[in-house]
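Shown next, in structure tokens, is the structure this report addresses.
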Amino acid sequence: MGLAALLGLAAAPGVANDSLRQFLISRTCVACNLSGTVLAGANLENADLTNANLAGANLSQTRLLRAQMTQIDLSQANLHQTILSEADLSEANLAGADLSEAILTRARLVNASAPHVNLENAEARNSNWYGSDLSNSHLDGAIFHQASLSATDLSNTTLTAGRFYRADFIGAQLTGADFTGADLREALIRDAQVDGTNFTDADLLGANLRRTDLSTARLCNTRMANGEINNDDCPNPSQP
């Protein structure tokens, strides 16, 4: 969307039109309030939104490459198909946000608060989520090849058919997570908590599972690190 069209947008109730217009011109909105604002399709590359409030905003298909968004509030925001490559969202509030099909390649999300976030089919190769809360979220079909998810909370999160080749889960909380059909080849899953984690049909070939206790995880048609297929937890058809 061009600048002229964007300048014609009305701000959300409680948001000053002057503030919105100034941001669209300067791409700088530090600690400002743009909650509920519609910016769908805007080109905001290299924008500075440090500590801004965009809770509930519509940023669908917006270009935010290399944007500075540390400590931003994007709770309940619409970020569907938004481009956030190389953006810095460290310590961002993404609770309940829709990031489905978003592009987060090489994005930085250290210590982000993102429970109940939707990352279905998102592209997040080489992204850094160290220490973030992604509990009760949806990462189904997402691509996180070589991403850092070290020390993250992924408890009760669904990651079915996700692609996590060489991803880093060192020290992650994976209790109750569902990795059904996920690609975890050569992933680092050292010192992780996997109580009740579902690895049905998952591929763990070459994964580093040092000091991770799989005794309470669900293993069925699971390709283990050594290439063997583990069916320990498959349903027994002979049982009623």
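Simple scheme: letters A, B, ... for chains in structure tokens order, numbers from 1 for residues in each chain, numbers from 1 for ligands in the order shown.
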
**Spatial neighbours of A:Thr158, max dist 8 Å, only C-alpha atoms, sep filter under 2 positions, as a list of chain:residue names** =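 So the residues in contact are A:Asn136, A:Ser137, A:His138, A:Leu139, A:Asp140, A:Asn156, A:Thr160, A:Ala177, A:Asp178, A:Phe179.
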
Write out as a PDB file with N, CA, C and O atoms, in the first residue's frame the residues lying within 10 Å of A:Phe23, counting only C-alpha atoms and excluding same-chain residues fewer than 5 positions away.
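The resulting file, selection02.pdb, is shown below:
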```
ATOM      1  N   LEU A   7      -1.954   7.409   4.368  1.00  0.00           N
ATOM      2  CA  LEU A   7      -2.233   8.651   5.071  1.00  0.00           C
ATOM      3  C   LEU A   7      -3.725   8.942   5.150  1.00  0.00           C
ATOM      4  O   LEU A   7      -4.181   9.706   5.993  1.00  0.00           O
ATOM      5  N   ASN A  17      -4.899  10.885  14.969  1.00  0.00           N
ATOM      6  CA  ASN A  17      -4.558  10.792  13.550  1.00  0.00           C
ATOM      7  C   ASN A  17      -3.201  11.420  13.275  1.00  0.00           C
ATOM      8  O   ASN A  17      -2.465  10.946  12.406  1.00  0.00           O
ATOM      9  N   ASP A  18      -2.864  12.484  14.006  1.00  0.00           N
ATOM     10  CA  ASP A  18      -1.573  13.142  13.793  1.00  0.00           C
ATOM     11  C   ASP A  18      -0.422  12.189  14.100  1.00  0.00           C
ATOM     12  O   ASP A  18       0.592  12.179  13.396  1.00  0.00           O
ATOM     13  N   THR A  28       8.950   6.270  12.533  1.00  0.00           N
ATOM     14  CA  THR A  28       9.429   6.256  13.914  1.00  0.00           C
ATOM     15  C   THR A  28       8.253   6.507  14.844  1.00  0.00           C
ATOM     16  O   THR A  28       7.515   7.479  14.673  1.00  0.00           O
ATOM     17  N   CYS A  29       8.080   5.607  15.796  1.00  0.00           N
ATOM     18  CA  CYS A  29       6.941   5.728  16.717  1.00  0.00           C
ATOM     19  C   CYS A  29       7.335   5.092  18.045  1.00  0.00           C
ATOM     20  O   CYS A  29       6.780   4.086  18.460  1.00  0.00           O
ATOM     21  N   VAL A  30       8.319   5.675  18.707  1.00  0.00           N
ATOM     22  CA  VAL A  30       8.853   5.121  19.943  1.00  0.00           C
ATOM     23  C   VAL A  30       7.884   5.392  21.097  1.00  0.00           C
ATOM     24  O   VAL A  30       7.477   6.526  21.328  1.00  0.00           O
ATOM     25  N   CYS A  32       4.823   5.002  21.401  1.00  0.00           N
ATOM     26  CA  CYS A  32       3.554   5.630  21.029  1.00  0.00           C
ATOM     27  C   CYS A  32       2.409   4.627  21.117  1.00  0.00           C
ATOM     28  O   CYS A  32       2.618   3.434  21.278  1.00  0.00           O
ATOM     29  N   LEU A  34      -0.563   3.032  19.078  1.00  0.00           N
ATOM     30  CA  LEU A  34      -1.253   2.778  17.815  1.00  0.00           C
ATOM     31  C   LEU A  34      -2.120   1.528  17.947  1.00  0.00           C
ATOM     32  O   LEU A  34      -2.350   0.815  16.985  1.00  0.00           O
ATOM     33  N   LEU A  44       6.736  -0.798   5.872  1.00  0.00           N
ATOM     34  CA  LEU A  44       7.323  -0.132   7.035  1.00  0.00           C
ATOM     35  C   LEU A  44       8.714  -0.691   7.322  1.00  0.00           C
ATOM     36  O   LEU A  44       9.108  -0.854   8.471  1.00  0.00           O
ATOM     37  N   ALA A  47      11.349   0.402  10.256  1.00  0.00           N
ATOM     38  CA  ALA A  47      10.601   1.255  11.187  1.00  0.00           C
ATOM     39  C   ALA A  47      11.121   1.063  12.609  1.00  0.00           C
ATOM     40  O   ALA A  47      11.614  -0.006  12.976  1.00  0.00           O
ATOM     41  N   ASP A  48      10.995   2.119  13.412  1.00  0.00           N
ATOM     42  CA  ASP A  48      11.358   2.051  14.822  1.00  0.00           C
ATOM     43  C   ASP A  48      10.069   2.119  15.646  1.00  0.00           C
ATOM     44  O   ASP A  48       9.440   3.171  15.754  1.00  0.00           O
ATOM     45  N   LEU A  49       9.694   0.973  16.204  1.00  0.00           N
ATOM     46  CA  LEU A  49       8.485   0.869  17.020  1.00  0.00           C
ATOM     47  C   LEU A  49       8.840   0.406  18.430  1.00  0.00           C
ATOM     48  O   LEU A  49       8.070  -0.287  19.091  1.00  0.00           O
TER      49      LEU A  49
END
```

Would you kindly return, as a short mmCIF file (atom, residue, chain, number, x, y, z; two decimals) with C-alpha atoms, in the first residue's frame, each protein, DNA or RNA residue with an atom no farther than 9 Å from any atom of A:Glu120, considering only C-alpha atoms and excluding same-chain residues fewer than 3 positions away?
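Saved result, out-v9.cif, follows:
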```cif
data_model
loop_
_atom_site.label_atom_id
_atom_site.label_comp_id
_atom_site.auth_asym_id
_atom_site.auth_seq_id
_atom_site.Cartn_x
_atom_site.Cartn_y
_atom_site.Cartn_z
CA ASP A 98 -1.88 -14.28 14.74
CA LEU A 99 1.46 -14.86 13.00
CA SER A 100 0.21 -17.57 10.67
CA GLU A 101 2.21 -17.72 7.43
CA ALA A 102 4.38 -14.84 8.66
CA HIS A 138 0.29 -23.48 17.45
CA LEU A 139 3.36 -24.06 15.28
CA ASP A 140 1.80 -26.67 13.02
CA GLY A 141 3.53 -26.81 9.65
CA ALA A 142 5.97 -24.05 10.63
CA LEU A 159 4.10 -28.46 16.42
CA GLY A 162 6.73 -28.74 11.76
#
```

**Prompt:** Hey, what's within 12 Å of stretch 228-236 of chain A if we count only C-alpha atoms and toss same-chain stuff fewer than 2 positions away? As a PyMOL selection string, please?
**Reply:** chain A and resi 196-206+214-226+238-240

With N, CA and C atoms retained, could you export that selection as a PDB file, in the first residue's frame?
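Contents of the output file result.pdb:
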```pdb
ATOM      1  N   GLY A 196       5.429 -36.373  28.730  1.00  0.00           N
ATOM      2  CA  GLY A 196       4.187 -36.396  27.966  1.00  0.00           C
ATOM      3  C   GLY A 196       4.298 -35.821  26.571  1.00  0.00           C
ATOM      4  N   THR A 197       5.506 -35.548  26.108  1.00  0.00           N
ATOM      5  CA  THR A 197       5.700 -35.015  24.759  1.00  0.00           C
ATOM      6  C   THR A 197       5.407 -36.099  23.726  1.00  0.00           C
ATOM      7  N   ASN A 198       4.697 -35.729  22.666  1.00  0.00           N
ATOM      8  CA  ASN A 198       4.289 -36.694  21.638  1.00  0.00           C
ATOM      9  C   ASN A 198       5.221 -36.619  20.438  1.00  0.00           C
ATOM     10  N   PHE A 199       5.988 -37.696  20.211  1.00  0.00           N
ATOM     11  CA  PHE A 199       6.898 -37.786  19.074  1.00  0.00           C
ATOM     12  C   PHE A 199       6.402 -38.816  18.046  1.00  0.00           C
ATOM     13  N   THR A 200       5.107 -39.060  18.010  1.00  0.00           N
ATOM     14  CA  THR A 200       4.566 -40.021  17.044  1.00  0.00           C
ATOM     15  C   THR A 200       4.905 -39.602  15.610  1.00  0.00           C
ATOM     16  N   ASP A 201       5.447 -40.524  14.835  1.00  0.00           N
ATOM     17  CA  ASP A 201       5.799 -40.290  13.423  1.00  0.00           C
ATOM     18  C   ASP A 201       6.868 -39.206  13.240  1.00  0.00           C
ATOM     19  N   ALA A 202       7.522 -38.792  14.314  1.00  0.00           N
ATOM     20  CA  ALA A 202       8.561 -37.761  14.213  1.00  0.00           C
ATOM     21  C   ALA A 202       9.885 -38.378  13.768  1.00  0.00           C
ATOM     22  N   ASP A 203      10.739 -37.526  13.194  1.00  0.00           N
ATOM     23  CA  ASP A 203      12.050 -37.961  12.724  1.00  0.00           C
ATOM     24  C   ASP A 203      13.125 -37.305  13.579  1.00  0.00           C
ATOM     25  N   LEU A 204      13.793 -38.106  14.422  1.00  0.00           N
ATOM     26  CA  LEU A 204      14.832 -37.614  15.328  1.00  0.00           C
ATOM     27  C   LEU A 204      16.226 -38.072  14.882  1.00  0.00           C
ATOM     28  N   LEU A 205      16.367 -38.429  13.624  1.00  0.00           N
ATOM     29  CA  LEU A 205      17.644 -38.942  13.140  1.00  0.00           C
ATOM     30  C   LEU A 205      18.766 -37.938  13.405  1.00  0.00           C
ATOM     31  N   GLY A 206      19.807 -38.400  14.089  1.00  0.00           N
ATOM     32  CA  GLY A 206      20.958 -37.558  14.356  1.00  0.00           C
ATOM     33  C   GLY A 206      20.751 -36.516  15.433  1.00  0.00           C
ATOM     34  N   LEU A 214      13.515 -39.636  27.861  1.00  0.00           N
ATOM     35  CA  LEU A 214      12.386 -39.926  26.977  1.00  0.00           C
ATOM     36  C   LEU A 214      11.433 -40.968  27.556  1.00  0.00           C
ATOM     37  N   SER A 215      11.644 -41.370  28.791  1.00  0.00           N
ATOM     38  CA  SER A 215      10.857 -42.477  29.345  1.00  0.00           C
ATOM     39  C   SER A 215       9.380 -42.134  29.482  1.00  0.00           C
ATOM     40  N   THR A 216       9.034 -40.867  29.599  1.00  0.00           N
ATOM     41  CA  THR A 216       7.622 -40.488  29.719  1.00  0.00           C
ATOM     42  C   THR A 216       7.098 -39.826  28.445  1.00  0.00           C
ATOM     43  N   ALA A 217       7.911 -39.785  27.393  1.00  0.00           N
ATOM     44  CA  ALA A 217       7.462 -39.242  26.104  1.00  0.00           C
ATOM     45  C   ALA A 217       6.714 -40.328  25.338  1.00  0.00           C
ATOM     46  N   ARG A 218       5.928 -39.920  24.348  1.00  0.00           N
ATOM     47  CA  ARG A 218       5.191 -40.879  23.518  1.00  0.00           C
ATOM     48  C   ARG A 218       5.979 -41.134  22.247  1.00  0.00           C
ATOM     49  N   LEU A 219       6.339 -42.416  22.032  1.00  0.00           N
ATOM     50  CA  LEU A 219       7.141 -42.816  20.876  1.00  0.00           C
ATOM     51  C   LEU A 219       6.378 -43.868  20.089  1.00  0.00           C
ATOM     52  N   CYS A 220       5.981 -43.530  18.883  1.00  0.00           N
ATOM     53  CA  CYS A 220       5.280 -44.486  18.021  1.00  0.00           C
ATOM     54  C   CYS A 220       5.647 -44.190  16.580  1.00  0.00           C
ATOM     55  N   ASN A 221       6.226 -45.176  15.917  1.00  0.00           N
ATOM     56  CA  ASN A 221       6.753 -44.975  14.566  1.00  0.00           C
ATOM     57  C   ASN A 221       7.708 -43.779  14.545  1.00  0.00           C
ATOM     58  N   THR A 222       8.470 -43.659  15.601  1.00  0.00           N
ATOM     59  CA  THR A 222       9.422 -42.562  15.755  1.00  0.00           C
ATOM     60  C   THR A 222      10.799 -43.002  15.292  1.00  0.00           C
ATOM     61  N   ARG A 223      11.393 -42.281  14.362  1.00  0.00           N
ATOM     62  CA  ARG A 223      12.767 -42.600  13.964  1.00  0.00           C
ATOM     63  C   ARG A 223      13.707 -41.957  14.976  1.00  0.00           C
ATOM     64  N   MET A 224      14.442 -42.773  15.686  1.00  0.00           N
ATOM     65  CA  MET A 224      15.315 -42.305  16.746  1.00  0.00           C
ATOM     66  C   MET A 224      16.624 -41.768  16.184  1.00  0.00           C
ATOM     67  N   ALA A 225      17.445 -41.228  17.076  1.00  0.00           N
ATOM     68  CA  ALA A 225      18.702 -40.602  16.668  1.00  0.00           C
ATOM     69  C   ALA A 225      19.600 -41.567  15.902  1.00  0.00           C
ATOM     70  N   ASN A 226      19.554 -42.829  16.278  1.00  0.00           N
ATOM     71  CA  ASN A 226      20.403 -43.834  15.620  1.00  0.00           C
ATOM     72  C   ASN A 226      19.769 -44.439  14.370  1.00  0.00           C
ATOM     73  N   SER A 238      -4.441 -55.671  19.754  1.00  0.00           N
ATOM     74  CA  SER A 238      -5.025 -56.847  20.389  1.00  0.00           C
ATOM     75  C   SER A 238      -5.759 -56.498  21.670  1.00  0.00           C
ATOM     76  N   GLN A 239      -5.538 -55.288  22.165  1.00  0.00           N
ATOM     77  CA  GLN A 239      -6.197 -54.863  23.398  1.00  0.00           C
ATOM     78  C   GLN A 239      -7.541 -54.212  23.065  1.00  0.00           C
ATOM     79  N   PRO A 240      -8.534 -54.449  23.892  1.00  0.00           N
ATOM     80  CA  PRO A 240      -9.849 -53.845  23.633  1.00  0.00           C
ATOM     81  C   PRO A 240      -9.819 -52.341  23.816  1.00  0.00           C
TER      82      PRO A 240
END
```
